[in-house]
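> Quick one: the structure is below, questions incoming.
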Amino acid sequence: MAESLRQGARRRALAVVLTLLALQLGQLVAPAWACGCGAMVPGDARRVAVGREESVVRWDGTREQVVMRLTVDGDAERVAWIMPVPGRATVRLGDPALFDELHDVTAPVHRTRHHFWPQDGDWPLVAGDGAAGAPPPPGAGPPVGVVGRQRLGPFEVARLTATDPAALDGWLDANGFALPPRLAAALRPYVDRRWEYVAVKLTPRTGGTALTGALDPLHLTFRTDEPVYPMRLSRLATTPQSLGLYVLAAHRMEPASRIGGERPRVTYAGRVTARTGPLAELAAGAPFLTAIGQEFPSPERISGDHVLRRAAADDTFRQVIHEDRLRTLAGVPLWLLTVTTALAAAIAAAAVFAVRRTRPRLPGVPRPPAPTG
């Protein structure tokens, strides 16, 4: 019995050590958010990274709208950002409140779930100090044509056409930004399909300040035969990528394939009920909201763009996070009260039985003799 208890204690201690080690490794190899719909190029030898990208795709059957907000980090003061689009795009600033509303609508529901017998973390199975780490998402012509230019907040936007990646490289270079050779090769499939490009130059509002933090959202609108979220350029990433995408359409939507990543998972599906605000405005005519997440452990395996299609049914879904709690009575675990009561009853019954067995028998009273005659 003692040896069994010691082995159980060793197993629990090993589990705690492995858990802490996994948490530490998770912090070291935490994946970056996929900048799937574009590529960022710093304007000098400095560094820039997309810490998070949130995108909304709105599809009404013929026209697609993409609203995206990037959170960047690094020491670069100027950055070029290239996004391929299947058709002629218009660009404007988006409303940051849109993403706040989306977070509220798609947030998981927290529910309490009680259990009778103790689990890890409950007395007497407490391991460690109870602290836990939380892990915590879319023709012929000149080689390059400039369709238009505009200034939107910190963005200088140029809408481009290109028939040659090298020519696009030259345009960026002439504007002070060098396009890495690997990115030029990755753009070839878009050039072959006659897509167009939105080239964005980002500069901080005050000179001499590095671009960092959440940027103003950009709102792009273009016509396309099918809803698509460009992902091909994410194959250039050197670290695991995560995709978080909101899709607004008439029905529940889903990616047509994995495109080299893990299976896409739906984190929310349901109709938009908001009557006012940026979400209600964007959802007009496309009232079904689907939130999709996907992991790309090996970005180099990304084989194309996400083509979105209607799901088999408009089933609704919302994540539920259960908070397990031990059932108690007046602060005492109910299982302990039950076990204690049963044990006390068993002891009392055994005592009564023992008393009855040891009690001396009284001699019997002799019967009177039967009458004769």
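Chain lettering (A, B, ...) mirrors the order of the structure tokens, residue numbering begins at 1 for each chain separately, and ligand numbering begins at 1 in order of display.
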Need the shell around region 56-63 of chain A: protein/DNA/RNA residues with any atom at most 10 Å away, counting only C-alpha atoms. Skip same-chain ones fewer than 6 positions apart. Format as a PyMOL selection string?

chain A and resi 69+87+98-99+102+138+219-229+244-251+282-291+308

> Keeping only C-alpha atoms, write the selected residues as an mmCIF file, in the first residue's frame.


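After the write, part33.cif holds the following:
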data_model
loop_
_atom_site.group_PDB
_atom_site.id
_atom_site.type_symbol
_atom_site.label_atom_id
_atom_site.label_comp_id
_atom_site.auth_asym_id
_atom_site.auth_seq_id
_atom_site.Cartn_x
_atom_site.Cartn_y
_atom_site.Cartn_z
ATOM 1 C CA ARG A 69 -6.549 45.002 -39.091
ATOM 2 C CA GLY A 87 -10.344 42.120 -59.456
ATOM 3 C CA LEU A 98 -16.163 46.226 -36.094
ATOM 4 C CA PHE A 99 -13.606 43.900 -34.536
ATOM 5 C CA LEU A 102 -17.018 40.488 -33.594
ATOM 6 C CA PRO A 138 -8.942 35.451 -44.759
ATOM 7 C CA HIS A 219 -11.533 47.988 -46.166
ATOM 8 C CA LEU A 220 -11.135 46.549 -49.680
ATOM 9 C CA THR A 221 -13.977 45.881 -52.133
ATOM 10 C CA PHE A 222 -13.693 44.002 -55.441
ATOM 11 C CA ARG A 223 -15.676 41.770 -57.761
ATOM 12 C CA THR A 224 -14.893 38.068 -58.003
ATOM 13 C CA ASP A 225 -16.548 34.916 -59.310
ATOM 14 C CA GLU A 226 -16.072 33.101 -56.007
ATOM 15 C CA PRO A 227 -15.198 34.127 -52.444
ATOM 16 C CA VAL A 228 -11.471 33.715 -51.901
ATOM 17 C CA TYR A 229 -9.017 34.582 -49.166
ATOM 18 C CA GLY A 244 -8.310 33.613 -37.836
ATOM 19 C CA LEU A 245 -11.031 34.525 -40.337
ATOM 20 C CA TYR A 246 -14.579 35.886 -40.051
ATOM 21 C CA VAL A 247 -16.888 35.198 -43.014
ATOM 22 C CA LEU A 248 -20.175 37.018 -43.621
ATOM 23 C CA ALA A 249 -22.451 35.492 -46.256
ATOM 24 C CA ALA A 250 -26.060 34.428 -46.809
ATOM 25 C CA HIS A 251 -25.250 30.989 -45.393
ATOM 26 C CA LEU A 282 -21.448 45.077 -43.052
ATOM 27 C CA ALA A 283 -23.751 42.071 -42.555
ATOM 28 C CA ALA A 284 -26.672 43.633 -44.488
ATOM 29 C CA GLY A 285 -27.520 41.112 -47.203
ATOM 30 C CA ALA A 286 -25.053 38.593 -45.769
ATOM 31 C CA PRO A 287 -26.424 37.889 -42.277
ATOM 32 C CA PHE A 288 -24.723 34.568 -41.436
ATOM 33 C CA LEU A 289 -21.418 34.824 -39.582
ATOM 34 C CA THR A 290 -18.870 31.996 -39.561
ATOM 35 C CA ALA A 291 -15.612 32.257 -37.609
ATOM 36 C CA LEU A 308 -14.787 29.527 -49.526
#

> Counting only C-alpha atoms, figure out which residue out of A:Glu196, A:Gly170, A:Glu53, A:Ala186 gets nearest to Pro84 (chain A).

A:Glu196
